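Enquirer: Input start36.cif, format and content: mmCIF, C-alpha atoms.
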```
data_my_file
loop_
_atom_site.label_atom_id
_atom_site.label_comp_id
_atom_site.auth_asym_id
_atom_site.auth_seq_id
_atom_site.Cartn_x
_atom_site.Cartn_y
_atom_site.Cartn_z
CA PRO M 130 4.54 -9.43 -0.67
CA GLU M 131 7.70 -10.10 1.36
CA LEU M 132 8.05 -13.67 0.07
CA LYS M 133 10.72 -14.29 -2.55
CA ALA M 134 10.36 -16.73 -5.44
CA GLY M 135 10.52 -20.31 -4.18
CA GLN M 136 10.03 -19.42 -0.52
CA THR M 137 7.19 -20.87 1.56
CA LYS M 138 5.48 -19.68 4.71
CA ARG M 139 3.23 -21.70 7.03
CA TYR M 140 0.27 -20.26 8.92
CA VAL M 141 -1.56 -21.87 11.85
CA ILE M 142 -5.19 -21.10 12.68
CA GLY M 143 -5.75 -20.81 16.41
CA GLU M 144 -7.54 -18.91 19.14
CA GLY M 145 -7.12 -15.21 19.72
CA GLU M 146 -8.17 -11.88 18.28
CA PRO M 147 -8.25 -11.69 14.46
CA THR M 148 -5.63 -9.54 12.80
CA GLN M 149 -7.10 -6.69 10.77
CA VAL M 150 -5.69 -6.85 7.25
CA PRO M 151 -6.00 -3.67 5.14
CA GLY M 152 -8.21 -4.53 2.18
CA VAL M 153 -10.10 -2.94 -0.69
CA THR M 154 -12.81 -0.39 0.03
CA VAL M 155 -15.15 1.34 -2.40
CA GLY M 156 -16.46 4.82 -1.67
CA LEU M 157 -19.68 5.38 -3.61
CA LYS M 158 -20.85 8.89 -4.49
CA PRO M 159 -24.25 8.21 -6.08
CA GLY M 160 -24.64 9.79 -9.50
CA GLU M 161 -20.96 10.75 -9.61
CA GLN M 162 -18.36 8.00 -9.11
CA ALA M 163 -17.14 4.96 -7.18
CA ASP M 164 -13.66 5.27 -5.65
CA PHE M 165 -11.51 2.14 -5.25
CA VAL M 166 -8.96 2.27 -2.42
CA VAL M 167 -6.43 -0.56 -1.93
CA ALA M 168 -4.95 -0.84 1.58
CA GLY M 169 -5.56 2.85 2.15
CA THR M 170 -4.09 3.96 -1.18
CA PRO M 171 -6.34 5.38 -3.94
CA PHE M 172 -6.29 3.28 -7.11
CA THR M 173 -9.02 4.43 -9.51
CA SER M 174 -12.47 5.99 -9.73
CA TYR M 175 -15.30 4.72 -11.94
CA VAL M 176 -16.93 7.95 -13.15
CA VAL M 177 -20.62 8.00 -14.14
CA LYS M 178 -21.54 11.68 -13.74
CA GLU M 179 -24.16 13.35 -15.90
CA GLY M 180 -23.00 14.92 -19.16
CA ILE M 181 -20.20 12.50 -20.09
CA ALA M 182 -20.41 10.38 -23.24
CA ARG M 183 -19.86 7.10 -21.40
CA PRO M 184 -18.51 5.93 -18.00
CA TYR M 185 -14.76 5.64 -17.53
CA CYS M 186 -12.11 4.91 -14.91
CA TYR M 187 -9.92 7.92 -14.09
CA PRO M 188 -7.45 8.53 -12.63
CA VAL M 189 -5.69 5.14 -12.66
CA TYR M 190 -2.65 5.05 -10.37
CA GLY M 191 0.27 2.69 -10.89
CA PRO M 192 3.33 2.00 -8.72
CA GLY M 193 4.50 4.97 -6.71
CA GLY M 194 1.24 6.82 -7.29
CA ALA M 195 2.03 7.65 -10.92
CA GLU M 196 -0.90 8.12 -13.29
CA VAL M 197 -0.77 5.49 -16.05
CA THR M 198 -3.67 6.67 -18.24
CA ASN M 199 -4.59 9.82 -20.17
CA LEU M 200 -8.01 11.49 -20.06
CA GLY M 201 -9.27 13.01 -23.31
CA PRO M 202 -6.02 14.05 -25.03
CA SER M 203 -6.35 16.77 -27.68
CA ASP M 204 -5.68 14.37 -30.58
CA HIS M 205 -8.57 12.07 -29.58
CA VAL M 206 -10.80 13.68 -26.94
CA HIS M 207 -13.01 10.57 -26.79
CA HIS M 208 -10.15 8.47 -25.41
CA LYS M 209 -11.26 8.68 -21.79
CA SER M 210 -8.58 6.80 -19.83
CA MET M 211 -10.19 3.34 -19.46
CA TYR M 212 -13.65 2.66 -20.87
CA ILE M 213 -16.04 0.50 -22.95
CA ALA M 214 -17.14 1.59 -26.43
CA GLN M 215 -18.12 0.39 -29.92
CA GLY M 216 -18.31 2.46 -33.09
CA ASP M 217 -21.12 0.67 -34.93
CA VAL M 218 -24.00 -0.69 -32.88
CA ASN M 219 -27.37 -0.69 -34.65
CA GLY M 220 -25.78 1.85 -36.98
CA CYS M 221 -24.94 4.23 -34.12
CA ASP M 222 -21.51 5.51 -33.10
CA ASN M 223 -20.90 4.82 -29.40
CA TRP M 224 -17.14 5.29 -29.76
CA SER M 225 -16.47 8.93 -30.65
CA GLU M 226 -17.84 12.21 -29.34
CA LEU M 227 -18.59 13.62 -32.79
CA GLU M 228 -21.94 15.25 -33.51
CA GLY M 229 -24.72 12.65 -33.43
CA HIS M 230 -22.80 10.11 -31.34
CA ALA M 231 -24.58 7.59 -29.13
CA SER M 232 -23.99 7.53 -25.39
CA THR M 233 -23.79 5.14 -22.46
CA ILE M 234 -26.03 6.47 -19.70
CA ASN M 235 -25.50 4.99 -16.26
CA ARG M 236 -28.64 4.03 -14.34
CA GLU M 237 -27.24 2.40 -11.19
CA VAL M 238 -23.95 1.56 -9.46
CA HIS M 239 -23.89 -0.94 -6.59
CA VAL M 240 -20.99 -1.83 -4.29
CA THR M 241 -21.19 -5.64 -4.14
CA ALA M 242 -18.02 -6.47 -2.18
CA GLU M 243 -15.36 -4.92 0.05
CA GLY M 244 -12.77 -6.70 2.13
CA PRO M 245 -9.31 -8.23 2.51
CA VAL M 246 -9.41 -10.03 -0.87
CA PHE M 247 -11.17 -7.67 -3.28
CA GLY M 248 -13.67 -4.85 -3.76
CA GLU M 249 -16.29 -4.89 -6.51
CA ILE M 250 -18.95 -2.74 -8.10
CA VAL M 251 -21.73 -3.58 -10.56
CA SER M 252 -22.76 -0.85 -12.98
CA ILE M 253 -26.02 -0.93 -14.98
CA SER M 254 -26.23 1.39 -17.98
CA ASP M 255 -28.18 1.89 -21.21
CA TRP M 256 -26.63 2.51 -24.60
CA VAL M 257 -28.76 5.27 -26.12
CA SER M 258 -28.80 6.72 -29.65
CA ALA M 259 -28.50 10.44 -30.32
CA LYS M 260 -32.30 10.44 -30.77
CA GLY M 261 -32.82 8.96 -27.32
CA GLN M 262 -33.66 5.41 -28.37
CA ASN M 263 -32.42 2.60 -26.11
CA ILE M 264 -30.04 0.26 -27.99
CA LEU M 265 -28.93 -2.24 -25.34
CA GLN M 266 -28.31 -2.65 -21.63
CA GLU M 267 -24.75 -2.92 -20.31
CA ILE M 268 -24.05 -4.70 -17.02
CA THR M 269 -20.41 -4.34 -15.99
CA ALA M 270 -18.77 -5.72 -12.86
CA ILE M 271 -15.35 -4.30 -11.96
CA ARG M 272 -13.36 -6.19 -9.33
CA VAL M 273 -10.13 -4.80 -7.81
CA TYR M 274 -7.88 -7.13 -5.80
CA ASN M 275 -5.88 -6.43 -2.66
CA THR M 276 -2.30 -6.54 -3.95
CA PRO M 277 1.07 -5.09 -2.92
CA ASP M 278 1.83 -1.48 -3.83
CA ASN M 279 3.93 -2.46 -6.87
CA ARG M 280 1.01 -3.95 -8.79
CA ARG M 281 -2.75 -3.73 -9.27
CA ILE M 282 -5.14 -6.33 -10.71
CA MET M 283 -8.64 -5.64 -12.07
CA ASP M 284 -11.25 -7.89 -13.64
CA TRP M 285 -13.83 -6.36 -16.00
CA ASP M 286 -16.84 -8.60 -16.61
CA ILE M 287 -18.93 -6.92 -19.32
CA THR M 288 -22.37 -8.16 -20.39
CA TRP M 289 -24.28 -6.61 -23.28
CA PHE M 290 -27.96 -7.53 -22.98
CA ALA M 291 -30.36 -7.10 -25.91
CA ALA M 292 -33.09 -5.81 -23.59
CA TYR M 293 -34.78 -3.57 -26.17
CA GLY M 294 -34.76 -5.80 -29.26
CA GLY M 295 -32.11 -7.16 -31.58
CA VAL M 296 -28.60 -5.68 -31.57
CA PHE M 297 -26.14 -5.59 -34.47
CA PHE M 298 -22.44 -4.94 -33.84
CA GLY M 299 -20.75 -3.80 -37.03
CA ASP M 300 -17.25 -4.57 -38.28
CA THR M 301 -15.13 -1.55 -37.28
CA LYS M 302 -11.69 -0.86 -35.90
CA GLU M 303 -13.19 2.09 -34.00
CA ALA M 304 -14.04 0.02 -30.97
CA GLY M 305 -12.68 -1.35 -27.75
CA THR M 306 -14.61 -3.86 -25.73
CA ILE M 307 -12.08 -2.65 -23.20
CA ALA M 308 -10.14 0.45 -24.23
CA VAL M 309 -7.27 2.32 -22.58
CA ARG M 310 -5.40 5.49 -23.48
CA VAL M 311 -2.04 5.21 -21.75
CA ALA M 312 -0.28 8.15 -20.12
CA GLU M 313 1.51 10.45 -22.58
CA SER M 314 4.89 9.60 -21.08
CA MET M 315 4.29 5.89 -21.89
CA GLU M 316 3.65 6.46 -25.62
CA VAL M 317 6.17 4.92 -28.01
CA ARG M 318 7.43 8.34 -29.15
CA ASN M 319 8.32 9.07 -25.51
CA GLY M 320 10.17 5.82 -24.84
CA GLY M 321 7.28 3.39 -24.40
CA THR M 322 6.93 -0.08 -25.90
CA PHE M 323 4.15 -2.60 -26.36
CA ARG M 324 4.49 -6.35 -26.83
CA ASN M 325 2.02 -9.16 -27.39
CA SER M 326 1.88 -12.77 -26.22
CA TYR M 327 3.59 -14.00 -29.40
CA GLY M 328 6.57 -11.65 -29.05
CA GLY M 329 5.35 -8.96 -31.46
CA ILE M 330 6.64 -5.46 -30.75
CA ASN M 331 4.90 -2.13 -31.45
CA ASP M 332 2.60 -1.18 -34.34
CA ASP M 333 4.04 -3.26 -37.17
CA GLU M 334 3.86 -6.51 -35.22
CA CYS M 335 0.88 -5.92 -32.87
CA TRP M 336 -1.72 -3.70 -34.57
CA GLY M 337 -4.55 -5.79 -35.98
CA LYS M 338 -2.91 -9.01 -34.81
CA ARG M 339 -4.47 -11.64 -32.55
CA ALA M 340 -2.94 -12.36 -29.16
CA GLU M 341 -3.91 -13.58 -25.70
CA TRP M 342 -2.54 -10.40 -24.16
CA VAL M 343 -0.71 -7.15 -24.88
CA ASP M 344 1.58 -5.32 -22.45
CA TYR M 345 2.06 -1.54 -22.93
CA TYR M 346 4.80 -0.03 -20.77
CA GLY M 347 6.92 3.10 -20.54
CA PRO M 348 8.40 5.79 -18.32
CA VAL M 349 6.33 7.46 -15.59
CA THR M 350 7.29 9.77 -12.74
CA SER M 351 8.16 6.84 -10.45
CA GLY M 352 10.19 4.85 -13.01
CA VAL M 353 8.70 2.45 -15.57
CA ALA M 354 5.10 1.21 -15.40
CA GLY M 355 3.06 -1.07 -17.63
CA ILE M 356 -0.56 -2.01 -18.31
CA THR M 357 -1.32 -5.54 -19.50
CA LEU M 358 -4.74 -6.40 -20.94
CA MET M 359 -5.54 -10.13 -20.98
CA ASP M 360 -8.33 -11.67 -23.04
CA HIS M 361 -10.39 -14.33 -21.24
CA PRO M 362 -10.44 -17.71 -23.08
CA GLU M 363 -14.26 -17.79 -23.02
CA ASN M 364 -14.61 -14.45 -24.82
CA LEU M 365 -15.92 -14.09 -28.36
CA ARG M 366 -13.18 -14.77 -30.96
CA PHE M 367 -10.45 -15.53 -28.42
CA PRO M 368 -7.67 -14.64 -28.86
CA THR M 369 -8.91 -11.17 -29.71
CA TYR M 370 -7.55 -8.76 -32.30
CA TRP M 371 -5.83 -5.63 -30.97
CA HIS M 372 -6.27 -2.01 -32.01
CA VAL M 373 -3.11 -0.77 -30.28
CA ARG M 374 -1.05 2.22 -31.44
CA GLY M 375 2.22 3.94 -30.68
CA TYR M 376 0.38 7.19 -29.87
CA GLY M 377 -1.18 5.55 -26.79
CA LEU M 378 -4.47 3.91 -27.81
CA PHE M 379 -4.76 0.38 -26.48
CA THR M 380 -7.92 -1.67 -27.13
CA ALA M 381 -9.08 -5.27 -27.33
CA ASN M 382 -11.22 -5.27 -30.48
CA GLN M 383 -13.03 -8.38 -31.75
CA TRP M 384 -14.89 -6.37 -34.40
CA GLY M 385 -12.65 -4.72 -37.01
CA ILE M 386 -11.53 -7.85 -38.82
CA HIS M 387 -11.75 -6.44 -42.36
CA ASP M 388 -9.63 -3.44 -41.32
CA PHE M 389 -7.08 -5.62 -39.59
CA THR M 390 -6.76 -8.17 -42.41
CA GLY M 391 -7.32 -5.81 -45.35
CA ASP M 392 -9.81 -8.37 -46.70
CA TRP M 393 -13.45 -7.28 -47.02
CA SER M 394 -14.58 -10.92 -47.22
CA GLN M 395 -13.52 -11.39 -43.58
CA ARG M 396 -16.08 -9.83 -41.28
CA GLY M 397 -16.31 -9.02 -37.59
CA ASP M 398 -20.08 -8.37 -37.57
CA PHE M 399 -22.09 -9.95 -34.76
CA ALA M 400 -25.84 -10.03 -34.10
CA LEU M 401 -27.74 -10.57 -30.85
CA GLU M 402 -31.40 -11.54 -30.96
CA GLY M 403 -33.71 -9.72 -28.59
CA GLY M 404 -33.39 -11.16 -25.09
CA ASP M 405 -29.94 -12.65 -25.69
CA ALA M 406 -26.72 -11.51 -24.02
CA LEU M 407 -23.03 -11.39 -24.94
#
```
Please express what this file holds, its structure, as structure tokens.
Expert:
Amino acid sequence: PELKAGQTKRYVIGEGEPTQVPGVTVGLKPGEQADFVVAGTPFTSYVVKEGIARPYCYPVYGPGGAEVTNLGPSDHVHHKSMYIAQGDVNGCDNWSELEGHASTINREVHVTAEGPVFGEIVSISDWVSAKGQNILQEITAIRVYNTPDNRRIMDWDITWFAAYGGVFFGDTKEAGTIAVRVAESMEVRNGGTFRNSYGGINDDECWGKRAEWVDYYGPVTSGVAGITLMDHPENLRFPTYWHVRGYGLFTANQWGIHDFTGDWSQRGDFALEGGDAL
């Protein structure tokens, strides 16, 4: 972290005692949460406790220890910080927390790596209808890298497996393959801004538009912080559409194409045959 742009530094491997480099550790509390700590500093917790609608990461700390996400604000209580959700899967609503909503029920969390480069967990969950029927299996790996205090990097690798028969994802804007609700102080009304990879700014130029990434930033207690979501080039419908709003919702959404385009002939539906995975 001390190197400036353009500088180089040479290292020589030799004999002697190895230097202990602070890395990423993951404290697992079975049935409750997995806590990511980067070089001794808490970063985020992946929460899976009983009674929640679906797993989420909270809190999420940015530079200076400021919280950069919002958990269940009063205007949208289902916006749980950082999470995975979809509003129309086999006709079930696994996005909201309205009466009759589906849920994501965690079955297992495993710590698969800790060390000087990254820490990682793998979470195995079932999407379940309000009537208790299994819809699909979700396997999510979350990797957190060992970075300087002024930045954090996470990879989310999400697999939806049609383990219980065919799965139909419906066209809806009420979805976020990865969804974030930014901290209230970062909302546009409070001085925040979001931009996409094509230079679009805020709702009029980013909502429902396709882009490789979107950066949402604004004031926090330690200054200005931002969250950038980047779509992987191998993902379905890259570059993804974005359901991102000035009031703080921030999602990568490949599904709601008719809402985003205003054209009902353009559809974001997607079907998985039993045994297939996305």
Enquirer: Which neighbours of Trp336 of chain M fall inside 9 Å, counting only C-alpha atoms, when residues of the same chain fewer than 5 positions from it are skipped, and could you give them as a ChimeraX atom specification?
Expert: /M:331,370-374,389
Enquirer: Name every residue that the PyMOL selection byres ((chain M and resi 298-313) around 7) selects in this structure, writing the answer as number ranges by chain with chains first and numbers rising.
Expert: M: 196-199, 208-219, 224, 296-297, 314-316, 372, 377-382, 384-386, 388, 396-400
Enquirer: On this structure, which residues satisfy the PyMOL selection byres ((chain M and resi 350) around 9), written as a list in words?
Expert: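 Evaluating the PyMOL selection byres ((chain M and resi 350) around 9) on these coordinates yields Gly193, Gly194, Ala195, Glu196, Ser314, Pro348, Val349, Ser351, Gly352 and Val353 of chain M.
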Enquirer: Please save C-alpha atoms of the selected residues as a PDB file, keeping the file's coordinate frame.
Expert:
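Saved as result_20.pdb:
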```
ATOM      1  CA  GLY M 193       4.500   4.970  -6.710  1.00  0.00           C
ATOM      2  CA  GLY M 194       1.240   6.820  -7.290  1.00  0.00           C
ATOM      3  CA  ALA M 195       2.030   7.650 -10.920  1.00  0.00           C
ATOM      4  CA  GLU M 196      -0.900   8.120 -13.290  1.00  0.00           C
ATOM      5  CA  SER M 314       4.890   9.600 -21.080  1.00  0.00           C
ATOM      6  CA  PRO M 348       8.400   5.790 -18.320  1.00  0.00           C
ATOM      7  CA  VAL M 349       6.330   7.460 -15.590  1.00  0.00           C
ATOM      8  CA  SER M 351       8.160   6.840 -10.450  1.00  0.00           C
ATOM      9  CA  GLY M 352      10.190   4.850 -13.010  1.00  0.00           C
ATOM     10  CA  VAL M 353       8.700   2.450 -15.570  1.00  0.00           C
TER      11      VAL M 353
END
```
Enquirer: For Trp289 of chain M, which residue among M:Ile181, M:Ile330, M:Ile142, M:Ile268 is the nearest when counting all atoms listed in the file?
Expert: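 Comparing M:Ile181, M:Ile330, M:Ile142, M:Ile268 against Trp289 of chain M, the winner is M:Ile268.
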Enquirer: Can you tell me which residues surround Glu161 of chain M at a distance of at most 9 Å, considering all atoms listed in the file, apart from same-chain residues fewer than 4 positions away, and format the answer as JSON, numbers by chain?
Expert: {"M": [157, 175, 176, 177, 178, 179]}
Enquirer: Write out as a list in words each polymer residue whose atoms come within 8 Å of segment 151-156 of chain M, counting all atoms listed in the file; drop sequence neighbours fewer than 4 positions from it.
Expert: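 The residues satisfying every condition are Ala163, Asp164, Phe165, Val166, Val167, Ala168, Gly169, Val240, Glu243, Gly244, Pro245, Val246, Phe247, Gly248, Glu249, Ile250, Val273, Tyr274 and Asn275 of chain M.
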Enquirer: Could you tell me how far atom CA of His230 of chain M lies from atom CA of Pro202 of chain M, in Å and to one decimal?
Expert: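 Value for the atom CA of His230 of chain M-atom CA of Pro202 of chain M distance: 18.4 Å.
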Enquirer: Please measure the separation of atom CA of Tyr190 of chain M and atom CA of Phe172 of chain M, giving the value in Å to one decimal.
Expert: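 Atom CA of Tyr190 of chain M sits 5.2 Å away from atom CA of Phe172 of chain M.
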Enquirer: Write out as an mmCIF file with C-alpha atoms, keeping the file's coordinate frame which residues come within 10 Å of Ser232 of chain M when counting only C-alpha atoms, dropping same-chain ones fewer than 5 positions away.
Expert:
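Saved as part-v1.cif:
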```cif
data_model
loop_
_atom_site.group_PDB
_atom_site.id
_atom_site.type_symbol
_atom_site.label_atom_id
_atom_site.label_comp_id
_atom_site.auth_asym_id
_atom_site.auth_seq_id
_atom_site.Cartn_x
_atom_site.Cartn_y
_atom_site.Cartn_z
ATOM 1 C CA GLY M 180 -23.000 14.920 -19.160
ATOM 2 C CA ILE M 181 -20.200 12.500 -20.090
ATOM 3 C CA ALA M 182 -20.410 10.380 -23.240
ATOM 4 C CA ARG M 183 -19.860 7.100 -21.400
ATOM 5 C CA PRO M 184 -18.510 5.930 -18.000
ATOM 6 C CA ALA M 214 -17.140 1.590 -26.430
ATOM 7 C CA CYS M 221 -24.940 4.230 -34.120
ATOM 8 C CA ASP M 222 -21.510 5.510 -33.100
ATOM 9 C CA ASN M 223 -20.900 4.820 -29.400
ATOM 10 C CA TRP M 224 -17.140 5.290 -29.760
ATOM 11 C CA SER M 225 -16.470 8.930 -30.650
ATOM 12 C CA GLU M 226 -17.840 12.210 -29.340
ATOM 13 C CA SER M 254 -26.230 1.390 -17.980
ATOM 14 C CA ASP M 255 -28.180 1.890 -21.210
ATOM 15 C CA TRP M 256 -26.630 2.510 -24.600
ATOM 16 C CA VAL M 257 -28.760 5.270 -26.120
ATOM 17 C CA SER M 258 -28.800 6.720 -29.650
ATOM 18 C CA ALA M 259 -28.500 10.440 -30.320
ATOM 19 C CA GLY M 261 -32.820 8.960 -27.320
ATOM 20 C CA ASN M 263 -32.420 2.600 -26.110
ATOM 21 C CA ILE M 264 -30.040 0.260 -27.990
#
```
